[in-house]
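Note sheet for the following structure.
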Amino acid sequence: MATKATYTLDTFNKNDFMYWTVSSQAGSKATIILKDDNKIYFTAKKTVSDWNILTLGQGGAQYEGGRNLRIEIEIYDHPDIYIKQSINGYNITTDTAVTVGSGYNICVEDHKDNDFNDYFISVVAWKKKG
């Protein structure tokens with residue numbers, strides 16, 4: 001049994017510098033991908049049924065501006081998968097309210113205990129690097 005979900009990251013712009021971190025605290029296994037229609041930026045896989053907090057991936061890349069930037073998650077190898085999420089989208093602003101970036105925190109629940117800590121995906125993008 002597998003469950004899939006897709007989350008659109010529509011506030012990022014071409015040439016923004018992205019940074020991400022992905023972690024899990026779940027008994028299920030999963031594949032998490034950040035991609036657009038032209039490129040895969042990362043693939044993080046959880047291949048063990050370990051309930052401890054695991055860092056599945058961290059990294060960064062320049063967004064090349066392909067259409068439909070999104071995170072796709074597939075959760076599998078767990079009975080009664082029930083995927084839902086809590087999403088926090090936000091802007092990064094200067095002290096004068098100029099937007100210099102944006103980000104998303106996605107907390108995924110894979111069952112019915114509503115702790116929303118089974119998968120955590122954080123992606124942020126700034127208009128310039130360094």
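Every chain in the structure tokens takes a letter, A first, then B, and so on in the order presented; its residues are numbered from 1, and the ligands are numbered from 1 following the presented order.
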Do a neighbour search on A:Thr31 at 6 Å with only C-alpha atoms, toss out local chain neighbours closer than 5 positions, and write the hits as a list in words.
Ala44, Lys45, Ile73 and Glu74 of chain A
Write the selection just made, keeping N, CA and C atoms, as a PDB file, in the first residue's frame?
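Contents of result_14.pdb, as written:
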```pdb
ATOM      1  N   ALA A  44      15.045  12.303  -1.173  1.00  0.00           N
ATOM      2  CA  ALA A  44      15.357  11.791   0.167  1.00  0.00           C
ATOM      3  C   ALA A  44      14.547  10.517   0.367  1.00  0.00           C
ATOM      4  N   LYS A  45      15.216   9.472   0.843  1.00  0.00           N
ATOM      5  CA  LYS A  45      14.532   8.197   1.039  1.00  0.00           C
ATOM      6  C   LYS A  45      14.686   7.731   2.479  1.00  0.00           C
ATOM      7  N   ILE A  73       5.715  13.399  -2.083  1.00  0.00           N
ATOM      8  CA  ILE A  73       6.032  12.421  -1.052  1.00  0.00           C
ATOM      9  C   ILE A  73       5.197  11.165  -1.291  1.00  0.00           C
ATOM     10  N   GLU A  74       5.864  10.034  -1.184  1.00  0.00           N
ATOM     11  CA  GLU A  74       5.195   8.745  -1.255  1.00  0.00           C
ATOM     12  C   GLU A  74       5.552   7.983   0.013  1.00  0.00           C
TER      13      GLU A  74
END
```
If we count only C-alpha atoms, what is near A:Phe116 at a cut-off of 6 Å, once residues fewer than 3 positions away on the same chain are taken out, given as a VMD selection string?
chain A and resid 107 to 109
So that I can see what lies close to A:Glu72, please list as an MDAnalysis selection string the residues with an atom at most 9 Å from it, counting only C-alpha atoms and leaving out residues fewer than 6 positions away in the same chain.
chainID A and resid 4:8 31:35
Separation of atom CA of A:Lys14 from atom CA of A:Val100, in Å and rounded to one decimal
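We find that atom CA of A:Lys14 and atom CA of A:Val100 lie 13.4 Å from each other.
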Can you tell me which residues surround stretch 76-80 of chain A at a distance of at most 10 Å, considering only C-alpha atoms, apart from same-chain residues fewer than 5 positions away, and format the answer as a VMD selection string?
chain A and resid 1 to 4 26 to 31 46 to 49 110 to 112
Expected file: the selected residues, all heavy atoms, as a compact mmCIF listing (two decimals), in the first residue's frame:
```
# COMPACT_ATOMS: atom_id res chain seq x y z
N MET A 1 0.85 -1.19 0.00
CA MET A 1 0.00 0.00 0.00
C MET A 1 0.89 1.24 0.00
O MET A 1 1.87 1.31 0.72
CB MET A 1 -0.90 -0.01 1.23
CG MET A 1 -1.74 1.21 1.38
SD MET A 1 -2.77 1.12 2.86
CE MET A 1 -4.11 2.09 2.31
N ALA A 2 0.54 2.23 -0.79
CA ALA A 2 1.31 3.47 -0.85
C ALA A 2 0.34 4.65 -0.89
O ALA A 2 -0.77 4.55 -1.39
CB ALA A 2 2.19 3.50 -2.08
N THR A 3 0.79 5.73 -0.37
CA THR A 3 0.03 6.97 -0.41
C THR A 3 0.94 8.07 -0.91
O THR A 3 2.09 8.18 -0.48
CB THR A 3 -0.51 7.33 0.98
OG1 THR A 3 -1.38 6.28 1.41
CG2 THR A 3 -1.29 8.61 0.95
N LYS A 4 0.43 8.89 -1.80
CA LYS A 4 1.21 9.98 -2.38
C LYS A 4 0.53 11.32 -2.12
O LYS A 4 -0.68 11.41 -2.03
CB LYS A 4 1.34 9.79 -3.89
CG LYS A 4 2.09 8.55 -4.28
CD LYS A 4 2.17 8.43 -5.79
CE LYS A 4 2.89 7.15 -6.19
NZ LYS A 4 3.02 7.03 -7.65
N ALA A 26 9.02 8.27 12.13
CA ALA A 26 7.87 7.43 11.78
C ALA A 26 8.32 6.00 11.56
O ALA A 26 9.46 5.74 11.23
CB ALA A 26 7.21 7.95 10.52
N GLY A 27 7.39 5.07 11.69
CA GLY A 27 7.66 3.68 11.41
C GLY A 27 7.51 3.32 9.94
O GLY A 27 7.90 2.24 9.53
N SER A 28 6.97 4.23 9.14
CA SER A 28 6.80 3.97 7.72
C SER A 28 8.09 4.25 6.95
O SER A 28 9.06 4.75 7.50
CB SER A 28 5.67 4.85 7.17
OG SER A 28 5.98 6.22 7.34
N LYS A 29 8.06 3.92 5.67
CA LYS A 29 9.14 4.24 4.75
C LYS A 29 8.60 5.24 3.74
O LYS A 29 7.39 5.31 3.52
CB LYS A 29 9.63 2.98 4.06
CG LYS A 29 10.21 1.97 5.03
CD LYS A 29 10.59 0.69 4.34
CE LYS A 29 11.09 -0.34 5.36
NZ LYS A 29 11.42 -1.62 4.72
N ALA A 30 9.50 6.01 3.12
CA ALA A 30 9.02 7.06 2.21
C ALA A 30 10.10 7.48 1.23
O ALA A 30 11.29 7.28 1.46
CB ALA A 30 8.55 8.27 3.00
N THR A 31 9.62 8.11 0.16
CA THR A 31 10.48 8.81 -0.80
C THR A 31 9.93 10.22 -0.94
O THR A 31 8.74 10.42 -1.15
CB THR A 31 10.48 8.12 -2.18
OG1 THR A 31 10.96 6.78 -2.01
CG2 THR A 31 11.38 8.86 -3.15
N LYS A 46 13.58 7.25 3.01
CA LYS A 46 13.60 6.57 4.32
C LYS A 46 13.37 5.11 4.02
O LYS A 46 12.29 4.73 3.57
CB LYS A 46 12.52 7.11 5.25
CG LYS A 46 12.58 6.46 6.62
CD LYS A 46 11.70 7.20 7.60
CE LYS A 46 11.82 6.60 8.98
NZ LYS A 46 11.01 5.41 9.16
N THR A 47 14.37 4.29 4.26
CA THR A 47 14.32 2.88 3.86
C THR A 47 14.25 1.93 5.05
O THR A 47 14.29 0.72 4.86
CB THR A 47 15.56 2.53 3.01
OG1 THR A 47 16.74 2.79 3.78
CG2 THR A 47 15.59 3.36 1.73
N VAL A 48 14.16 2.48 6.25
CA VAL A 48 14.08 1.66 7.46
C VAL A 48 12.83 2.02 8.25
O VAL A 48 12.35 3.14 8.19
CB VAL A 48 15.33 1.82 8.35
CG1 VAL A 48 16.57 1.32 7.63
CG2 VAL A 48 15.52 3.26 8.79
N SER A 49 12.32 1.06 9.01
CA SER A 49 11.16 1.30 9.87
C SER A 49 11.65 1.69 11.26
O SER A 49 11.48 0.96 12.22
CB SER A 49 10.28 0.05 9.94
OG SER A 49 9.78 -0.26 8.67
N ASP A 110 1.33 10.39 8.98
CA ASP A 110 1.15 9.20 8.14
C ASP A 110 0.16 8.19 8.71
O ASP A 110 -0.07 7.15 8.13
CB ASP A 110 2.50 8.51 7.87
CG ASP A 110 3.06 7.78 9.08
OD1 ASP A 110 2.49 7.86 10.19
OD2 ASP A 110 4.09 7.10 8.91
N HIS A 111 -0.45 8.52 9.83
CA HIS A 111 -1.41 7.59 10.43
C HIS A 111 -2.50 8.41 11.09
O HIS A 111 -2.87 9.45 10.57
CB HIS A 111 -0.69 6.64 11.40
CG HIS A 111 -1.45 5.38 11.66
ND1 HIS A 111 -2.00 5.10 12.87
CD2 HIS A 111 -1.76 4.35 10.84
CE1 HIS A 111 -2.62 3.92 12.80
NE2 HIS A 111 -2.48 3.45 11.58
N LYS A 112 -2.97 8.00 12.25
CA LYS A 112 -4.11 8.68 12.86
C LYS A 112 -3.84 9.25 14.25
O LYS A 112 -4.76 9.63 14.95
CB LYS A 112 -5.29 7.71 12.94
CG LYS A 112 -5.74 7.25 11.57
CD LYS A 112 -6.88 6.25 11.65
CE LYS A 112 -7.24 5.78 10.26
NZ LYS A 112 -8.25 4.75 10.27
```
Return as a ChimeraX atom specification the full set of residues in chain A whose backbone-based DSSP assignment is strand (DSSP E).
/A:2-8,17-24,29-35,40-46,54-62,70-76,84-93,99-109,119-126
Counting only C-alpha atoms, figure out which residue out of A:Phe17, A:Trp51, A:Arg70, A:Leu9 gets nearest to A:Asp36.
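Among the listed residues, the smallest separation from A:Asp36 belongs to A:Arg70.
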Find the residues around A:Trp126 up to 9 Å (only C-alpha atoms counted), leave out those fewer than 6 positions away in its own chain, and share them as an MDAnalysis selection string.
chainID A and resid 12 15:19 92 100:103
Create the file for the chosen residues now, containing all heavy atoms and written as a short mmCIF file (atom, residue, chain, number, x, y, z; two decimals), in the first residue's frame.
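For reference, result06.cif as written:
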```
data_model
loop_
_atom_site.label_atom_id
_atom_site.label_comp_id
_atom_site.auth_asym_id
_atom_site.auth_seq_id
_atom_site.Cartn_x
_atom_site.Cartn_y
_atom_site.Cartn_z
N PHE A 12 8.57 30.65 -5.02
CA PHE A 12 9.98 30.72 -5.40
C PHE A 12 10.10 31.20 -6.85
O PHE A 12 9.26 30.89 -7.68
CB PHE A 12 10.65 29.36 -5.26
CG PHE A 12 10.70 28.82 -3.84
CD1 PHE A 12 11.21 27.56 -3.61
CD2 PHE A 12 10.25 29.55 -2.77
CE1 PHE A 12 11.28 27.04 -2.33
CE2 PHE A 12 10.31 29.04 -1.48
CZ PHE A 12 10.82 27.78 -1.26
N ASN A 15 16.30 31.56 -10.20
CA ASN A 15 17.58 32.01 -9.64
C ASN A 15 17.57 32.21 -8.13
O ASN A 15 18.59 32.58 -7.56
CB ASN A 15 18.10 33.27 -10.33
CG ASN A 15 18.40 33.01 -11.79
OD1 ASN A 15 18.90 31.95 -12.15
ND2 ASN A 15 18.07 33.97 -12.64
N ASP A 16 16.44 31.96 -7.46
CA ASP A 16 16.44 31.97 -6.00
C ASP A 16 17.36 30.85 -5.52
O ASP A 16 17.46 29.78 -6.14
CB ASP A 16 15.04 31.72 -5.44
CG ASP A 16 14.13 32.93 -5.49
OD1 ASP A 16 14.56 34.00 -5.94
OD2 ASP A 16 12.96 32.79 -5.06
N PHE A 17 18.03 31.08 -4.39
CA PHE A 17 18.86 30.04 -3.79
C PHE A 17 18.02 29.29 -2.77
O PHE A 17 17.53 29.87 -1.80
CB PHE A 17 20.10 30.61 -3.13
CG PHE A 17 20.94 29.53 -2.51
CD1 PHE A 17 21.69 28.68 -3.31
CD2 PHE A 17 20.94 29.34 -1.15
CE1 PHE A 17 22.44 27.65 -2.74
CE2 PHE A 17 21.69 28.32 -0.57
CZ PHE A 17 22.43 27.47 -1.37
N MET A 18 17.83 27.98 -2.98
CA MET A 18 17.01 27.15 -2.10
C MET A 18 17.88 26.37 -1.12
O MET A 18 18.99 25.97 -1.45
CB MET A 18 16.20 26.14 -2.91
CG MET A 18 15.25 26.73 -3.91
SD MET A 18 14.26 25.46 -4.77
CE MET A 18 15.53 24.57 -5.68
N TYR A 19 17.35 26.16 0.06
CA TYR A 19 17.97 25.29 1.05
C TYR A 19 16.87 24.43 1.65
O TYR A 19 15.76 24.91 1.87
CB TYR A 19 18.67 26.08 2.16
CG TYR A 19 19.23 25.17 3.21
CD1 TYR A 19 20.43 24.50 3.00
CD2 TYR A 19 18.55 24.93 4.39
CE1 TYR A 19 20.94 23.63 3.96
CE2 TYR A 19 19.04 24.07 5.34
CZ TYR A 19 20.23 23.42 5.12
OH TYR A 19 20.73 22.54 6.04
N ILE A 92 10.22 35.95 4.05
CA ILE A 92 11.37 36.46 4.78
C ILE A 92 11.51 37.92 4.37
O ILE A 92 11.63 38.22 3.17
CB ILE A 92 12.65 35.68 4.43
CG1 ILE A 92 12.46 34.19 4.74
CG2 ILE A 92 13.85 36.25 5.17
CD1 ILE A 92 13.51 33.30 4.11
N VAL A 100 12.65 39.31 0.81
CA VAL A 100 13.91 38.83 0.26
C VAL A 100 13.92 37.31 0.06
O VAL A 100 14.90 36.75 -0.43
CB VAL A 100 15.12 39.27 1.12
CG1 VAL A 100 15.26 40.78 1.10
CG2 VAL A 100 15.00 38.75 2.54
N GLY A 101 12.84 36.66 0.45
CA GLY A 101 12.75 35.21 0.28
C GLY A 101 11.43 34.70 0.83
O GLY A 101 10.57 35.47 1.27
N SER A 102 11.29 33.40 0.78
CA SER A 102 10.09 32.76 1.31
C SER A 102 10.41 31.31 1.66
O SER A 102 11.48 30.80 1.31
CB SER A 102 8.94 32.82 0.30
OG SER A 102 9.29 32.14 -0.89
N GLY A 103 9.48 30.68 2.35
CA GLY A 103 9.74 29.30 2.73
C GLY A 103 8.47 28.55 3.07
O GLY A 103 7.38 29.13 3.16
#
```
Pick out the closest residue to A:Ile53 from this set: A:Gln85, A:Asn91, A:Asn117, A:Asn68. Count only C-alpha atoms.
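Result for the nearest residue to A:Ile53: A:Asn117.
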Provide the atom CA of A:Gln25 to atom CA of A:Asp50 distance in Å, to one decimal place.
7.4 Å
A:Ile83, A:Ile121, A:Ile106, A:Ile40 ranked by distance to A:Ala61, top pick (using only C-alpha atoms):
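Of A:Ile83, A:Ile121, A:Ile106, A:Ile40, the one nearest A:Ala61 is A:Ile40, counting only C-alpha atoms.
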